[in-house]
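Please read the structure below before turning to the comments.
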Amino acid sequence: MAKTHAASGDEIVRWILTEGREAPNPARFLTNMCLRLVEAGVPLWRVTIWVATLHPQIRAFGWRWWRGRPVSEEVRVAQGIERTEEYILSPLRPTIEEGKVLRRRLGEEGPAEFPLLAELQAEGGTDYIAAPLNRMGSRYPVVAWASDRSGGFDDDDLALLETIRPALAAVIEVIAVRRTARGLFAIYHGQHVGERVFEGNVRRGEFAIVRTAIMATDLRDFTGISDRLPGEDVIDALDDYFEHVALATHGAKGHILKFIGDGVLAVFGIDGMSDAEASAAALAAARDIVARLAAHNAAGGESGRVELRAGIGLHIGDIMYGNVGSADRLDFTAIGPAVNLAFRLEDLTKTLKRPVLASGAFAEACPVALSPLGSHPIRGLSDLEDVYGLPEHDR
């Protein structure tokens with residue numbers, strides 16, 4: 001390796017391990033690293049990094065850089081890709097599964113045996129290298145270097161790329177772990193709670209008082225469903241129900257805090273809405289759930305799906321939002337009288353035969369006029385509670 005090339009390699013390694021790893025996102029990191037390699041004389045044309053992750057829908061993340069384009073792109077690969085022809089015939093497969101380095105000089109060894117390399121060759125690519133990074137579980141993250149220079153990469157180029165590979169592997173490993181951890185926190189705790197936990201809100205007894213609209217839901221006749229159906233069908237029914245509730249909640253910019261058996265606790269306005277905005281969002285979610293379940297049941301005769309019904313309680317008030325539990329097992333949740341009232345209203349839907357009931361405080365805050373249903377005793381409260389249902393035109 002030429003002396004200047006070696007010096008460039010050392011400088012890029014230092015950059016990767018210091019400034020580079022502080023980049024705001026992996027795409028920016030990849031762009032800046034590739035520009036430094038090009039400045040050092042490496043004839044890069046296309047660079048891709050692939051990293052597997054743990055996610056129920058996403059199999060892997062990728063970042064791709066092309067020379068001449070201002071930024072790198074992020075690509076998400078769906079679960080199930082490993083069973084497709086695209087993956088089975090990919091030049092990355094031997095590297096991902098076995099950690100092998102694969103190099104192909106495009107155009108010099110006859111037709112490319114991998115469809116992707118045939119495409120790159122047709123676009124002017126001359127050289128392709130897939131190299132493993134640090135193994136994570138049973139798979140290897142991969143960096144793939146491609147050139148369009150006549151003759152491809154020379155020995156000095158290869159030496160420089162090999163010089164930076166350990167540093168690149170270390171940074172990509174950190175990125176992958178952080179991305180996986182952040183994703184798992186969001187999946188199991190919800191996006192808002194996941195971010196708070198990931199950012200360090202993990203002390204027991206650490207709470208914030210937050211004013212929010214609260215939605216408590218419950219799947220009706222779950223005991224009956226469990227008694228008369230096989231276990232697999234029960235799980236399918238629960239998944240269908242939770243999917244409808246989640247889509248409606250997230251569509252109204254709400255946050256699901258907890259799945260409680262066959263129930264759901266969700267909040268709206270925790271990011272800073274007015275009472276009117278938060279209550280309108282919660283009402284929109286409740287209406288959407290009712291509509292989704294009605295559509296689900298209407299299609300059930302043809303598909304054989306279980307009929308699903310829900311009770312929904314709506315309230316607005318202050319909640320205690322934070323960590324409870326033991327020293328080594330915590331739960332980030334919402335507690336307080338406001339949460340209790342939302343669940344009491346949900347329980348009252350069984351008696352009043354209404355799918356949605358709201359408190360007087362919620363009705364007062366909500367910009368949509370709700371239907372008054374009179375004052376009713378609420379379990380655990382000494383005073384009667386003014387109760388409201390959906391607007392007349394919803395029934």
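A note on labels: chains of the structure tokens are A, B, ... as shown, every chain counts residues from 1, and ligands are counted from 1 in their shown order.
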Which of region 196-362 of chain A DSSP labels helix (DSSP H, G or I), written as an NGL selection string
:A and (196-198 or 222-228 or 231-251 or 275-303 or 337-352 or 360-362)
Hey, can you spit out that residue selection with C-alpha atoms as a tab-separated table (two decimals), in the first residue's frame?
```
chain	number	residue	atom	x	y	z
A	196	ARG	CA	-38.74	7.37	27.52
A	197	VAL	CA	-37.30	4.09	28.80
A	198	PHE	CA	-34.59	4.05	26.13
A	222	PHE	CA	-63.70	-13.29	25.94
A	223	THR	CA	-64.36	-16.07	28.45
A	224	GLY	CA	-66.99	-17.54	26.14
A	225	ILE	CA	-64.69	-17.27	23.15
A	226	SER	CA	-61.94	-19.05	25.11
A	227	ASP	CA	-64.28	-21.83	26.21
A	228	ARG	CA	-65.73	-22.70	22.82
A	231	GLY	CA	-56.40	-22.10	21.46
A	232	GLU	CA	-55.13	-21.06	18.02
A	233	ASP	CA	-58.48	-19.47	17.16
A	234	VAL	CA	-58.55	-17.63	20.49
A	235	ILE	CA	-55.15	-16.12	19.75
A	236	ASP	CA	-56.29	-15.17	16.25
A	237	ALA	CA	-59.37	-13.46	17.69
A	238	LEU	CA	-57.28	-11.53	20.22
A	239	ASP	CA	-54.82	-10.50	17.52
A	240	ASP	CA	-57.67	-9.29	15.30
A	241	TYR	CA	-59.16	-7.30	18.18
A	242	PHE	CA	-55.87	-5.74	19.24
A	243	GLU	CA	-55.06	-4.90	15.61
A	244	HIS	CA	-58.33	-2.98	15.22
A	245	VAL	CA	-57.78	-1.11	18.49
A	246	ALA	CA	-54.14	-0.32	17.68
A	247	LEU	CA	-54.86	0.94	14.17
A	248	ALA	CA	-57.64	3.19	15.45
A	249	THR	CA	-55.54	4.48	18.35
A	250	HIS	CA	-52.44	5.20	16.31
A	251	GLY	CA	-54.55	6.71	13.54
A	275	ASP	CA	-58.21	19.15	26.34
A	276	ALA	CA	-60.40	19.72	23.29
A	277	GLU	CA	-57.83	18.20	20.93
A	278	ALA	CA	-57.08	15.24	23.19
A	279	SER	CA	-60.75	14.40	23.80
A	280	ALA	CA	-61.58	14.76	20.09
A	281	ALA	CA	-58.72	12.38	19.25
A	282	ALA	CA	-59.87	9.81	21.84
A	283	LEU	CA	-63.46	10.02	20.57
A	284	ALA	CA	-62.27	9.57	16.98
A	285	ALA	CA	-60.36	6.44	18.02
A	286	ALA	CA	-63.40	5.04	19.88
A	287	ARG	CA	-65.65	5.63	16.88
A	288	ASP	CA	-63.08	4.03	14.59
A	289	ILE	CA	-62.87	0.94	16.81
A	290	VAL	CA	-66.66	0.56	16.73
A	291	ALA	CA	-66.66	0.93	12.93
A	292	ARG	CA	-63.77	-1.50	12.45
A	293	LEU	CA	-65.40	-4.16	14.60
A	294	ALA	CA	-68.70	-3.72	12.75
A	295	ALA	CA	-66.90	-4.23	9.43
A	296	HIS	CA	-65.00	-7.20	10.87
A	297	ASN	CA	-68.25	-8.83	12.00
A	298	ALA	CA	-70.01	-8.11	8.71
A	299	ALA	CA	-67.26	-9.99	6.88
A	300	GLY	CA	-67.09	-12.76	9.45
A	301	GLY	CA	-69.77	-14.93	7.88
A	302	GLU	CA	-67.66	-15.40	4.76
A	303	SER	CA	-64.25	-15.62	6.40
A	337	PRO	CA	-58.16	7.90	39.86
A	338	ALA	CA	-58.55	9.10	36.26
A	339	VAL	CA	-57.39	5.74	34.89
A	340	ASN	CA	-59.66	3.91	37.33
A	341	LEU	CA	-62.68	5.94	36.20
A	342	ALA	CA	-62.04	5.15	32.54
A	343	PHE	CA	-62.09	1.43	33.33
A	344	ARG	CA	-65.20	1.79	35.52
A	345	LEU	CA	-66.97	3.47	32.58
A	346	GLU	CA	-65.87	0.65	30.31
A	347	ASP	CA	-67.39	-1.83	32.77
A	348	LEU	CA	-70.62	0.21	32.85
A	349	THR	CA	-71.06	-0.28	29.09
A	350	LYS	CA	-72.21	-3.83	29.89
A	351	THR	CA	-75.08	-2.52	32.05
A	352	LEU	CA	-76.15	0.36	29.81
A	360	GLY	CA	-68.87	14.32	32.39
A	361	ALA	CA	-65.36	15.83	32.32
A	362	PHE	CA	-64.72	14.24	28.94
```
I'd like the neighbourhood of Arg149 (chain A) as number ranges by chain, where a residue qualifies if any of its atoms comes within 9 Å (using only C-alpha atoms), though same-chain residues fewer than 4 positions away should be ignored.
A: 43-45, 124-127, 153
Selection file, N, CA and C atoms, as a CSV table (one decimal), in the first residue's frame:
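Final output, saved to again32.csv:
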```csv
chain,number,residue,atom,x,y,z
A,43,PRO,N,-12.1,4.0,-5.8
A,43,PRO,CA,-13.1,4.2,-6.8
A,43,PRO,C,-14.5,3.6,-6.5
A,44,LEU,N,-15.1,4.1,-5.4
A,44,LEU,CA,-16.4,3.6,-5.1
A,44,LEU,C,-17.5,4.1,-6.0
A,45,TRP,N,-18.4,3.3,-6.3
A,45,TRP,CA,-19.6,3.7,-7.1
A,45,TRP,C,-20.9,3.4,-6.3
A,124,GLY,N,-22.9,-0.6,-15.7
A,124,GLY,CA,-21.5,-0.1,-15.7
A,124,GLY,C,-20.6,-0.5,-14.6
A,125,GLY,N,-21.1,-1.4,-13.7
A,125,GLY,CA,-20.3,-1.8,-12.6
A,125,GLY,C,-19.2,-2.8,-13.1
A,126,THR,N,-18.0,-2.7,-12.4
A,126,THR,CA,-16.9,-3.5,-12.9
A,126,THR,C,-16.4,-4.4,-11.8
A,127,ASP,N,-16.7,-4.1,-10.5
A,127,ASP,CA,-16.1,-4.9,-9.4
A,127,ASP,C,-17.1,-4.9,-8.3
A,153,PHE,N,-11.3,-2.5,-8.3
A,153,PHE,CA,-10.4,-2.1,-7.2
A,153,PHE,C,-9.0,-2.7,-7.4
```
Applying 9 Å and only C-alpha atoms, which residues near Thr163 (chain A) remain after dropping the ones on its own chain fewer than 4 positions away? List them as a list in words.
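Selected residues are Ala6, Gly9, Asp10, Val13, Leu158, Ala159 and Ala167 of chain A.
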Smallest atom-to-atom distance to Asp157 (chain A): which of A:Leu117, A:Ala40, A:Ala252, A:Val101, using only C-alpha atoms?
A:Ala40
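What separates CA of Val267 (chain A) from CA of Val387 (chain A) is a distance of 19.4 Å.
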Tell me, as an mmCIF file with C-alpha atoms, in the first residue's frame, which residues lie within 6 Å of Thr212 (chain A), counting only C-alpha atoms; anything in the same chain fewer than 3 positions away does not count.
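And here is the file that came out, out_36.cif:
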```cif
data_model
loop_
_atom_site.group_PDB
_atom_site.id
_atom_site.type_symbol
_atom_site.label_atom_id
_atom_site.label_comp_id
_atom_site.auth_asym_id
_atom_site.auth_seq_id
_atom_site.Cartn_x
_atom_site.Cartn_y
_atom_site.Cartn_z
ATOM 1 C CA PHE A 268 -54.237 10.839 23.882
ATOM 2 C CA GLY A 269 -52.564 14.219 24.214
ATOM 3 C CA ILE A 270 -49.610 13.023 26.246
ATOM 4 C CA ILE A 316 -59.934 13.060 30.751
ATOM 5 C CA GLY A 317 -57.815 13.990 33.739
#
```
A:Leu308, A:Glu85, A:Gly137, A:Pro26 ranked by distance to Ser72 (chain A), top pick (using only C-alpha atoms)
A:Pro26
Near region 34-37 of chain A, counting only C-alpha atoms, which residues have an atom at most 9 Å away, once you skip same-chain residues fewer than 2 positions from it, shown as number ranges by chain?
A: 8-9, 12, 29-32, 39-44, 47, 65, 67, 160-161
Rank nothing, just name the residue among A:Tyr321, A:Ala365, A:Arg165, A:Val71 nearest to Ile16 (chain A), using only C-alpha atoms.
A:Arg165
So how far away is CA of Ala78 (chain A) from CA of Glu97 (chain A), in Å?
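According to the coordinates, CA of Glu97 (chain A) and CA of Ala78 (chain A) are separated by 17.5 Å.
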So which residues of region 128-314 of chain A fall under strand (DSSP E or B) by DSSP, listed as a PyMOL selection string?
chain A and resi 128-132+136+139+142-147+207-219+255-260+263-268+310-314
